[in-house]
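Structure file protein.txt; described as compact mmCIF, C-alpha atoms and all ligand atoms.
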# COMPACT_ATOMS: atom_id res chain seq x y z
CA LEU A 1 0.00 0.00 0.00
CA GLU A 2 2.94 2.27 0.72
CA VAL A 3 4.32 1.61 -2.76
CA GLU A 4 0.90 2.16 -4.33
CA ALA A 5 0.44 5.54 -2.63
CA ALA A 6 3.96 6.59 -3.62
CA LEU A 7 3.40 5.48 -7.21
CA ARG A 8 0.25 7.59 -7.38
CA LEU A 9 2.38 10.60 -6.43
CA ALA A 10 5.25 9.58 -8.71
CA LEU A 11 3.21 10.34 -11.80
CA ASP A 12 2.50 13.92 -10.66
CA ARG A 13 6.04 14.44 -9.42
CA ASN A 14 7.68 13.32 -12.65
CA GLU A 15 9.61 10.51 -10.96
CA LEU A 16 9.17 8.00 -13.80
CA LEU A 17 11.65 7.87 -16.66
CA LEU A 18 12.43 5.64 -19.61
CA HIS A 19 15.61 3.86 -20.56
CA TYR A 20 16.09 2.50 -24.07
CA GLN A 21 17.79 -0.77 -24.96
CA PRO A 22 19.12 -1.13 -28.52
CA GLN A 23 18.10 -4.09 -30.71
CA VAL A 24 20.55 -4.99 -33.49
CA HIS A 25 20.15 -6.95 -36.76
CA ILE A 26 22.53 -9.88 -36.24
CA ALA A 27 23.58 -10.31 -39.89
CA SER A 28 24.26 -6.64 -40.71
CA ASN A 29 24.91 -5.12 -37.27
CA GLN A 30 22.41 -2.38 -38.24
CA LEU A 31 20.15 -0.90 -35.60
CA PHE A 32 16.71 -2.56 -35.69
CA GLY A 33 15.04 -0.54 -32.93
CA VAL A 34 15.04 0.19 -29.20
CA GLU A 35 12.87 -1.13 -26.35
CA ALA A 36 11.60 1.45 -23.87
CA LEU A 37 11.88 0.23 -20.25
CA VAL A 38 10.32 2.22 -17.43
CA ARG A 39 12.29 3.28 -14.34
CA TRP A 40 11.15 4.95 -11.13
CA GLN A 41 13.55 7.36 -9.45
CA HIS A 42 12.09 7.76 -5.94
CA PRO A 43 13.50 10.64 -3.82
CA GLN A 44 14.12 8.35 -0.80
CA TRP A 45 14.14 4.80 -2.17
CA GLY A 46 16.37 5.53 -5.15
CA MET A 47 15.90 3.58 -8.38
CA VAL A 48 12.90 1.22 -8.01
CA PRO A 49 13.01 -1.60 -10.62
CA PRO A 50 9.87 -2.26 -12.72
CA ALA A 51 9.55 -5.76 -11.24
CA ARG A 52 8.86 -4.00 -7.89
CA PHE A 53 6.15 -1.63 -9.09
CA ILE A 54 4.59 -2.85 -12.38
CA PRO A 55 2.75 -5.74 -10.62
CA ILE A 56 1.47 -3.26 -8.00
CA ALA A 57 0.41 -0.86 -10.75
CA GLU A 58 -1.45 -3.74 -12.41
CA GLU A 59 -3.29 -4.78 -9.23
CA SER A 60 -4.23 -1.24 -8.25
CA GLY A 61 -5.37 -0.11 -11.69
CA LEU A 62 -2.60 2.53 -11.78
CA ILE A 63 -1.22 0.69 -14.83
CA ASP A 64 -3.53 2.67 -17.11
CA ALA A 65 -1.98 5.95 -15.99
CA VAL A 66 1.56 4.50 -15.97
CA GLY A 67 1.02 2.89 -19.39
CA SER A 68 -0.29 6.10 -20.93
CA TRP A 69 2.65 8.02 -19.51
CA VAL A 70 5.16 5.45 -20.87
CA LEU A 71 3.65 5.54 -24.36
CA ASP A 72 3.48 9.33 -24.42
CA GLU A 73 7.06 9.70 -23.22
CA ALA A 74 8.42 7.11 -25.70
CA CYS A 75 6.65 8.88 -28.59
CA ARG A 76 7.78 12.30 -27.39
CA GLN A 77 11.39 11.06 -27.26
CA MET A 78 11.14 9.42 -30.70
CA ALA A 79 9.82 12.65 -32.23
CA MET A 80 12.74 14.56 -30.67
CA TRP A 81 15.28 12.04 -31.91
CA GLN A 82 13.70 12.19 -35.35
CA GLU A 83 14.15 15.95 -35.47
CA ALA A 84 17.79 15.53 -34.45
CA GLY A 85 18.41 12.74 -36.98
CA GLN A 86 19.09 10.30 -34.15
CA ALA A 87 15.93 8.19 -34.17
CA PRO A 88 16.13 4.41 -34.21
CA PRO A 89 13.85 2.78 -36.85
CA HIS A 90 11.24 2.12 -34.14
CA VAL A 91 10.57 2.12 -30.43
CA SER A 92 9.02 -0.90 -28.68
CA VAL A 93 6.73 -0.23 -25.74
CA ASN A 94 5.56 -2.91 -23.27
CA LEU A 95 1.82 -3.17 -22.64
CA SER A 96 0.24 -5.01 -19.70
CA ALA A 97 -2.71 -7.32 -20.33
CA ARG A 98 -4.58 -5.22 -17.75
CA GLN A 99 -4.49 -2.22 -20.11
CA PHE A 100 -6.73 -4.12 -22.57
CA ARG A 101 -9.57 -4.35 -20.02
CA HIS A 102 -10.89 -1.15 -21.48
CA GLY A 103 -11.51 -0.92 -25.18
CA SER A 104 -9.56 2.30 -25.33
CA VAL A 105 -6.03 1.09 -26.17
CA PRO A 106 -6.25 1.73 -29.96
CA THR A 107 -7.70 5.22 -29.39
CA MET A 108 -5.08 6.03 -26.78
CA VAL A 109 -2.33 4.87 -29.16
CA ALA A 110 -3.73 6.78 -32.16
CA ASP A 111 -4.12 9.97 -30.09
CA THR A 112 -0.58 9.69 -28.74
CA LEU A 113 0.97 9.15 -32.19
CA LEU A 114 -0.99 12.12 -33.55
CA ARG A 115 -0.01 14.37 -30.64
CA HIS A 116 3.66 13.79 -31.43
CA GLY A 117 3.37 13.57 -35.20
CA LEU A 118 4.89 10.09 -35.13
CA PRO A 119 4.07 7.64 -37.96
CA PRO A 120 2.52 4.36 -36.64
CA SER A 121 5.30 2.36 -38.35
CA ARG A 122 7.71 3.82 -35.78
CA LEU A 123 5.91 2.06 -32.91
CA THR A 124 5.93 -1.59 -31.84
CA LEU A 125 3.81 -2.76 -28.91
CA GLU A 126 5.06 -5.73 -26.86
CA ILE A 127 2.32 -7.93 -25.49
CA THR A 128 2.60 -11.13 -23.48
CA GLU A 129 1.56 -14.64 -24.38
CA SER A 130 -0.91 -14.60 -21.48
CA LEU A 131 -2.82 -11.72 -23.12
CA MET A 132 -3.10 -13.66 -26.35
CA MET A 133 -4.33 -16.70 -24.46
CA MET A 134 -7.29 -14.83 -22.99
CA ARG A 135 -9.41 -15.52 -26.08
CA ASN A 136 -11.31 -12.36 -25.52
CA ASP A 137 -13.07 -10.75 -28.48
CA GLN A 138 -12.45 -7.23 -27.25
CA THR A 139 -8.70 -7.88 -27.05
CA LEU A 140 -8.66 -9.46 -30.50
CA GLU A 141 -10.53 -6.45 -31.89
CA ALA A 142 -8.09 -4.04 -30.24
CA LEU A 143 -5.08 -5.89 -31.68
CA HIS A 144 -6.61 -5.86 -35.16
CA ALA A 145 -7.34 -2.14 -34.85
CA LEU A 146 -3.71 -1.51 -33.92
CA ASP A 147 -2.52 -3.64 -36.83
CA GLU A 148 -4.76 -1.77 -39.28
CA MET A 149 -3.40 1.49 -37.91
CA GLY A 150 0.09 0.33 -38.94
CA VAL A 151 1.46 -0.28 -35.45
CA LYS A 152 3.51 -3.50 -35.12
CA LEU A 153 2.88 -6.12 -32.44
CA ALA A 154 5.51 -8.27 -30.74
CA VAL A 155 5.01 -11.29 -28.46
CA ASP A 156 7.21 -10.69 -25.42
CA ASP A 157 8.81 -13.49 -23.36
CA PHE A 158 7.88 -16.02 -26.04
CA GLY A 159 8.15 -19.60 -24.86
CA THR A 160 7.45 -18.95 -21.18
CA GLY A 161 3.64 -18.98 -21.42
CA TYR A 162 1.39 -21.81 -22.48
CA SER A 163 2.29 -24.18 -25.24
CA SER A 164 -0.70 -23.50 -27.51
CA LEU A 165 0.56 -21.81 -30.65
CA GLY A 166 -2.82 -21.39 -32.32
CA TYR A 167 -3.05 -17.77 -31.24
CA LEU A 168 -0.13 -16.87 -33.52
CA LYS A 169 -2.50 -17.53 -36.41
CA ARG A 170 -5.37 -15.47 -35.01
CA PHE A 171 -3.39 -12.43 -33.92
CA PRO A 172 -1.69 -9.99 -36.30
CA VAL A 173 1.77 -10.17 -34.71
CA SER A 174 4.98 -9.54 -36.65
CA GLU A 175 7.66 -10.24 -34.05
CA LEU A 176 8.54 -12.96 -31.53
CA LYS A 177 10.83 -12.16 -28.61
CA LEU A 178 12.73 -15.26 -27.51
CA ASP A 179 12.77 -15.08 -23.73
CA GLN A 180 16.15 -14.54 -22.11
CA SER A 181 15.74 -17.66 -19.97
CA PHE A 182 16.42 -19.70 -23.15
CA VAL A 183 19.42 -17.57 -24.10
CA ARG A 184 21.22 -17.44 -20.74
CA ASN A 185 22.66 -20.96 -20.82
CA LEU A 186 23.01 -21.53 -24.57
CA ALA A 187 26.73 -22.26 -24.16
CA ASN A 188 26.29 -25.28 -21.91
CA ASP A 189 22.67 -26.43 -22.10
CA GLU A 190 21.81 -28.58 -25.08
CA GLU A 191 18.07 -28.41 -24.31
CA ASP A 192 18.12 -24.62 -24.34
CA ARG A 193 19.93 -24.75 -27.70
CA ALA A 194 17.20 -27.05 -29.03
CA LEU A 195 14.40 -24.81 -27.71
CA ALA A 196 15.98 -21.59 -28.98
CA SER A 197 16.48 -23.14 -32.38
CA ALA A 198 12.87 -24.39 -32.45
CA VAL A 199 11.53 -20.92 -31.61
CA VAL A 200 13.61 -19.39 -34.40
CA ARG A 201 12.17 -21.92 -36.83
CA ILE A 202 8.59 -21.23 -35.71
CA GLY A 203 9.26 -17.54 -36.35
CA GLN A 204 10.77 -18.20 -39.75
CA SER A 205 7.91 -20.47 -40.82
CA LEU A 206 5.35 -17.82 -39.89
CA LYS A 207 7.46 -14.99 -41.40
CA LEU A 208 7.88 -13.27 -38.05
CA THR A 209 10.97 -11.35 -37.00
CA VAL A 210 12.65 -13.20 -34.12
CA VAL A 211 14.34 -11.03 -31.50
CA ALA A 212 16.54 -12.82 -28.96
CA GLU A 213 16.60 -11.21 -25.54
CA GLY A 214 19.35 -11.21 -22.93
CA VAL A 215 22.21 -11.78 -25.37
CA GLU A 216 25.36 -11.23 -23.33
CA THR A 217 28.16 -13.01 -25.19
CA ALA A 218 29.62 -13.32 -28.69
CA GLU A 219 29.18 -17.08 -28.36
CA GLN A 220 25.41 -16.77 -27.80
CA LEU A 221 25.21 -14.33 -30.69
CA ALA A 222 27.08 -16.69 -33.03
CA PHE A 223 24.76 -19.58 -32.18
CA LEU A 224 21.64 -17.45 -32.73
CA HIS A 225 23.06 -16.19 -36.04
CA GLU A 226 23.70 -19.77 -37.16
CA GLN A 227 20.09 -20.66 -36.37
CA GLY A 228 18.83 -17.77 -38.48
CA CYS A 229 17.65 -15.50 -35.64
CA ASP A 230 17.15 -11.98 -37.03
CA VAL A 231 17.73 -9.57 -34.17
CA ALA A 232 19.48 -9.55 -30.79
CA GLN A 233 19.05 -7.42 -27.70
CA GLY A 234 21.17 -7.63 -24.56
CA TYR A 235 24.23 -6.50 -22.65
CA HIS A 236 26.50 -7.75 -25.46
CA PHE A 237 25.36 -4.65 -27.37
CA ALA A 238 24.14 -2.31 -24.66
CA ARG A 239 22.26 -2.11 -21.37
CA PRO A 240 19.04 -0.15 -21.23
CA LEU A 241 20.35 3.41 -21.69
CA ALA A 242 19.19 6.86 -20.59
CA PRO A 243 18.36 9.00 -23.67
CA ASP A 244 21.72 10.85 -23.58
CA ALA A 245 23.60 7.57 -23.23
CA TYR A 246 21.71 6.14 -26.21
CA VAL A 247 22.85 9.08 -28.36
CA GLU A 248 26.44 8.56 -27.13
CA TRP A 249 26.17 4.85 -27.96
CA LEU A 250 24.88 5.70 -31.43
CA ARG A 251 27.83 8.08 -32.01
CA GLY A 252 30.31 5.39 -31.03
CA ARG A 253 29.06 2.93 -33.66
CA PRO A 254 30.87 2.32 -36.96
O1 LIG B 301 13.69 -2.97 -17.18
P1 LIG B 301 13.79 -4.34 -16.65
O2 LIG B 301 14.86 -4.94 -17.38
O3 LIG B 301 14.04 -4.45 -15.19
O4 LIG B 301 12.31 -4.91 -16.93
C1 LIG B 301 11.72 -5.84 -16.08
C2 LIG B 301 10.30 -6.16 -16.50
O5 LIG B 301 9.47 -4.99 -16.45
C3 LIG B 301 10.21 -6.70 -17.90
O6 LIG B 301 9.41 -7.87 -17.83
C4 LIG B 301 9.51 -5.66 -18.69
O7 LIG B 301 8.66 -6.24 -19.65
C5 LIG B 301 8.71 -4.91 -17.63
N1 LIG B 301 8.54 -3.52 -18.05
C6 LIG B 301 9.51 -2.61 -18.26
N2 LIG B 301 8.98 -1.43 -18.67
C7 LIG B 301 7.63 -1.62 -18.74
C8 LIG B 301 6.53 -0.79 -19.12
O8 LIG B 301 6.69 0.36 -19.52
N3 LIG B 301 5.28 -1.32 -19.05
C9 LIG B 301 5.07 -2.61 -18.64
N4 LIG B 301 3.82 -3.05 -18.60
N5 LIG B 301 6.08 -3.43 -18.29
C10 LIG B 301 7.35 -2.95 -18.34
O1 LIG B 302 10.34 -6.77 -21.45
P1 LIG B 302 11.25 -7.76 -20.83
O2 LIG B 302 10.63 -8.66 -19.85
O3 LIG B 302 11.93 -8.58 -21.84
O4 LIG B 302 12.38 -6.90 -20.13
C1 LIG B 302 13.72 -7.04 -20.42
C2 LIG B 302 14.49 -7.18 -19.12
O5 LIG B 302 15.72 -7.86 -19.33
C3 LIG B 302 14.85 -5.86 -18.51
O6 LIG B 302 14.79 -6.03 -17.13
C4 LIG B 302 16.31 -5.67 -18.93
O7 LIG B 302 17.02 -4.79 -18.09
C5 LIG B 302 16.81 -7.07 -18.87
N1 LIG B 302 17.95 -7.34 -19.74
C6 LIG B 302 18.17 -6.78 -20.94
N2 LIG B 302 19.30 -7.30 -21.51
C7 LIG B 302 19.78 -8.20 -20.62
C8 LIG B 302 20.92 -9.07 -20.64
O8 LIG B 302 21.71 -9.13 -21.57
N3 LIG B 302 21.09 -9.87 -19.55
C9 LIG B 302 20.23 -9.87 -18.50
N4 LIG B 302 20.50 -10.68 -17.49
N5 LIG B 302 19.16 -9.05 -18.45
C10 LIG B 302 18.93 -8.23 -19.50
MN MN B 303 9.71 -6.48 -23.36
NA NA B 304 11.07 -10.48 -22.22
Could you rewrite the structure in this file as structure tokens?
Amino acid sequence: LEVEAALRLALDRNELLLHYQPQVHIASNQLFGVEALVRWQHPQWGMVPPARFIPIAEESGLIDAVGSWVLDEACRQMAMWQEAGQAPPHVSVNLSARQFRHGSVPTMVADTLLRHGLPPSRLTLEITESLMMMRNDQTLEALHALDEMGVKLAVDDFGTGYSSLGYLKRFPVSELKLDQSFVRNLANDEEDRALASAVVRIGQSLKLTVVAEGVETAEQLAFLHEQGCDVAQGYHFARPLAPDAYVEWLRGRP
């Protein structure tokens, strides 16, 4: 309850901020996009990680306000980077299943893009497998509306949810994010290698871009490249970066 009350204030007090983690095409080393990750800088508690407050935001209903702020801030930053010639091809924003309880997600997204003059193709929304498993008509409608708008959809943490893959056919997704739990031990776990490779092949068969998360080593990257994985994200390239640090990182690239 203490965290919930403080989070309520955090929105008014401008204590939330976004970091951006680069995603890189494995074959060409070109920038594919960045993922926006929310941070909470509390005056007494310091940096509060999203794992500590996103679940509380979801339970309390504050996730709608937090989610709207995150989307607005990511689009505002993209528009600024665009003006400065520093924009990545797109920004990915995480959405909670909770946010789809209201039918207003597509309207909120369209309004936000319009407010910042950002083309829909510059935005990817990351949704979880559990949302897609809900088999809820309103959610399906919302995802189709977003797709028709030209916004891309990515399945986050792919492989950690349920094993039914039928939803991939029903939902207009264009990207699969291979969960970092499958990437972590690629070097010494044959089963993880088999699972990672299977996910890449599912993505290829369905013509989806596969993004591997949590890539920390050149060895992991080489294996994923061999398997035909398209894009990698992880400490091997960069941590989630403050906006200034992202620009610095961009300058330091060949
Ligand atoms: O940033 P970090 O690496 O600690 O992220 C931890 C978790 O928090 C991830 O599962 C990520 O999906 C989630 N997360 C980060 N930013 C957001 C956000 O803006 N909205 C939602 N719903 N989840 C987020
Ligand atoms: O949205 P998602 O659940 O995928 O959030 C990504 C999380 O993974 C964030 O907490 C981010 O800080 C973290 N992360 C990103 N790259 C790496 C990495 O290379 N290694 C590890 N251990 N964590 C990472
Ligand atoms: Mn994510
Ligand atoms: Na993930």
For ligand MN 303 (chain B), collect every residue having any atom at a distance of at most 6 Å from a ligand atom (counting only C-alpha atoms and all ligand atoms); output as a PDB file with C-alpha atoms, in the coordinates of the input.
ATOM      1  CA  ASN A  94       5.560  -2.910 -23.270  1.00  0.00           C
ATOM      2  CA  GLU A 126       5.060  -5.730 -26.860  1.00  0.00           C
ATOM      3  CA  ASP A 156       7.210 -10.690 -25.420  1.00  0.00           C
TER       4      ASP A 156
END
Spatial neighbours of Ser96 (chain A), 9 Å, all atoms listed in the file, chain gap at least 3 places, as number ranges by chain: A: 54, 58, 63-64, 67, 99-100, 126-128, 131
Residue nearest ligand LIG 302 (chain B) - candidates A:Leu143, A:Val91, A:Met108, A:Val38, atoms counted: all atoms listed in the file: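 The closest residue to ligand LIG 302 (chain B) is A:Val38.
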One-decimal distance in Å that lies between CA of Val210 (chain A) and CA of Leu241 (chain A):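 Distance between the two atoms: 22.1 Å.
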Ligand NA 304 (chain B) neighbours within 12 Å using all atoms listed in the file, as a VMD selection string: chain A and resid 35 37 92 to 95 126 to 129 154 to 161 176 to 183 211 to 215 233 to 234
Point-to-point distance in Å for CA of Asp230 (chain A) and atom O1 of ligand LIG 302 (chain B): 17.8 Å
How big is the axis-aligned box, and where does its centre sit, when it encloses all atoms of region 147-160 of chain A listed in the file and has 6 Å added on every side, reported in Å to one decimal as JSON?
{"center_x": 2.0, "center_y": -9.1, "center_z": -30.2, "size_x": 25.6, "size_y": 33.1, "size_z": 30.1}
Residue among A:Ser60, A:Thr124, A:Gln23, A:Ser197 lying closest to Val231 (chain A), counting all atoms listed in the file: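 Checking each candidate against Val231 (chain A), we get A:Gln23 as the closest.
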Length of the atom N5 of ligand LIG 301 (chain B) to CA of Glu59 (chain A) vector [Å]: 13.1 Å
From A:Pro172, A:Pro50, A:Gly85, A:Gly228, residue lying nearest ligand LIG 302 (chain B) [all atoms listed in the file]: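 Distance minimum relative to ligand LIG 302 (chain B) lands on A:Pro50.
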Close residues, Arg253 (chain A) itself excluded, 12 Å, all atoms listed in the file, min 5 positions apart in chain, as number ranges by chain: A: 22, 24, 29-31, 237-238, 246-248
Residue nearest Met149 (chain A) among A:Leu18, A:Leu1, A:Val109, A:Ala10 (counting all atoms listed in the file):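 Of A:Leu18, A:Leu1, A:Val109, A:Ala10, the one nearest Met149 (chain A), counting all atoms listed in the file, is A:Val109.
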Which residue of A:Arg52, A:Gln86, A:Ala5, A:Trp45 approaches Arg251 (chain A) most closely, using all atoms listed in the file: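 Checking each candidate against Arg251 (chain A), we get A:Gln86 as the closest.
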For ligand LIG 301 (chain B), the nearest of the candidates A:Ala142, A:Ala198, A:Leu221, A:Leu125, counting all atoms listed in the file: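 The closest residue to ligand LIG 301 (chain B) is A:Leu125.
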Near-Cys75 (chain A) list (8 Å; all atoms listed in the file; drop same-chain fewer than 2 positions) as a PyMOL selection string: chain A and resi 71-73+77-79+112-113+116+118
Would you output region 178-234 of chain A from that structure, restricted to C-alpha atoms, as a PDB file, in the first residue's frame?
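Contents of decode12.pdb, as written:
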ATOM      1  CA  LEU A 178      12.725 -15.260 -27.506  1.00  0.00           C
ATOM      2  CA  ASP A 179      12.767 -15.078 -23.732  1.00  0.00           C
ATOM      3  CA  GLN A 180      16.145 -14.538 -22.113  1.00  0.00           C
ATOM      4  CA  SER A 181      15.738 -17.664 -19.971  1.00  0.00           C
ATOM      5  CA  PHE A 182      16.416 -19.699 -23.153  1.00  0.00           C
ATOM      6  CA  VAL A 183      19.423 -17.565 -24.102  1.00  0.00           C
ATOM      7  CA  ARG A 184      21.215 -17.436 -20.738  1.00  0.00           C
ATOM      8  CA  ASN A 185      22.662 -20.963 -20.823  1.00  0.00           C
ATOM      9  CA  LEU A 186      23.005 -21.534 -24.569  1.00  0.00           C
ATOM     10  CA  ALA A 187      26.731 -22.257 -24.155  1.00  0.00           C
ATOM     11  CA  ASN A 188      26.292 -25.283 -21.908  1.00  0.00           C
ATOM     12  CA  ASP A 189      22.675 -26.433 -22.101  1.00  0.00           C
ATOM     13  CA  GLU A 190      21.807 -28.580 -25.076  1.00  0.00           C
ATOM     14  CA  GLU A 191      18.072 -28.408 -24.315  1.00  0.00           C
ATOM     15  CA  ASP A 192      18.117 -24.623 -24.341  1.00  0.00           C
ATOM     16  CA  ARG A 193      19.926 -24.754 -27.695  1.00  0.00           C
ATOM     17  CA  ALA A 194      17.196 -27.052 -29.034  1.00  0.00           C
ATOM     18  CA  LEU A 195      14.399 -24.813 -27.707  1.00  0.00           C
ATOM     19  CA  ALA A 196      15.979 -21.592 -28.982  1.00  0.00           C
ATOM     20  CA  SER A 197      16.482 -23.142 -32.380  1.00  0.00           C
ATOM     21  CA  ALA A 198      12.870 -24.390 -32.447  1.00  0.00           C
ATOM     22  CA  VAL A 199      11.533 -20.919 -31.607  1.00  0.00           C
ATOM     23  CA  VAL A 200      13.614 -19.393 -34.402  1.00  0.00           C
ATOM     24  CA  ARG A 201      12.169 -21.918 -36.829  1.00  0.00           C
ATOM     25  CA  ILE A 202       8.587 -21.231 -35.709  1.00  0.00           C
ATOM     26  CA  GLY A 203       9.260 -17.539 -36.351  1.00  0.00           C
ATOM     27  CA  GLN A 204      10.773 -18.199 -39.755  1.00  0.00           C
ATOM     28  CA  SER A 205       7.906 -20.470 -40.824  1.00  0.00           C
ATOM     29  CA  LEU A 206       5.349 -17.820 -39.893  1.00  0.00           C
ATOM     30  CA  LYS A 207       7.457 -14.990 -41.404  1.00  0.00           C
ATOM     31  CA  LEU A 208       7.884 -13.275 -38.054  1.00  0.00           C
ATOM     32  CA  THR A 209      10.968 -11.348 -37.000  1.00  0.00           C
ATOM     33  CA  VAL A 210      12.652 -13.200 -34.124  1.00  0.00           C
ATOM     34  CA  VAL A 211      14.339 -11.030 -31.504  1.00  0.00           C
ATOM     35  CA  ALA A 212      16.539 -12.825 -28.956  1.00  0.00           C
ATOM     36  CA  GLU A 213      16.603 -11.205 -25.537  1.00  0.00           C
ATOM     37  CA  GLY A 214      19.347 -11.211 -22.929  1.00  0.00           C
ATOM     38  CA  VAL A 215      22.211 -11.784 -25.373  1.00  0.00           C
ATOM     39  CA  GLU A 216      25.355 -11.234 -23.327  1.00  0.00           C
ATOM     40  CA  THR A 217      28.161 -13.014 -25.191  1.00  0.00           C
ATOM     41  CA  ALA A 218      29.623 -13.320 -28.685  1.00  0.00           C
ATOM     42  CA  GLU A 219      29.179 -17.079 -28.359  1.00  0.00           C
ATOM     43  CA  GLN A 220      25.405 -16.768 -27.795  1.00  0.00           C
ATOM     44  CA  LEU A 221      25.213 -14.333 -30.693  1.00  0.00           C
ATOM     45  CA  ALA A 222      27.083 -16.693 -33.025  1.00  0.00           C
ATOM     46  CA  PHE A 223      24.762 -19.583 -32.182  1.00  0.00           C
ATOM     47  CA  LEU A 224      21.636 -17.452 -32.730  1.00  0.00           C
ATOM     48  CA  HIS A 225      23.057 -16.185 -36.039  1.00  0.00           C
ATOM     49  CA  GLU A 226      23.701 -19.770 -37.155  1.00  0.00           C
ATOM     50  CA  GLN A 227      20.094 -20.662 -36.373  1.00  0.00           C
ATOM     51  CA  GLY A 228      18.828 -17.769 -38.475  1.00  0.00           C
ATOM     52  CA  CYS A 229      17.649 -15.502 -35.643  1.00  0.00           C
ATOM     53  CA  ASP A 230      17.151 -11.976 -37.027  1.00  0.00           C
ATOM     54  CA  VAL A 231      17.733  -9.568 -34.172  1.00  0.00           C
ATOM     55  CA  ALA A 232      19.484  -9.554 -30.790  1.00  0.00           C
ATOM     56  CA  GLN A 233      19.045  -7.418 -27.695  1.00  0.00           C
ATOM     57  CA  GLY A 234      21.171  -7.633 -24.557  1.00  0.00           C
TER      58      GLY A 234
END
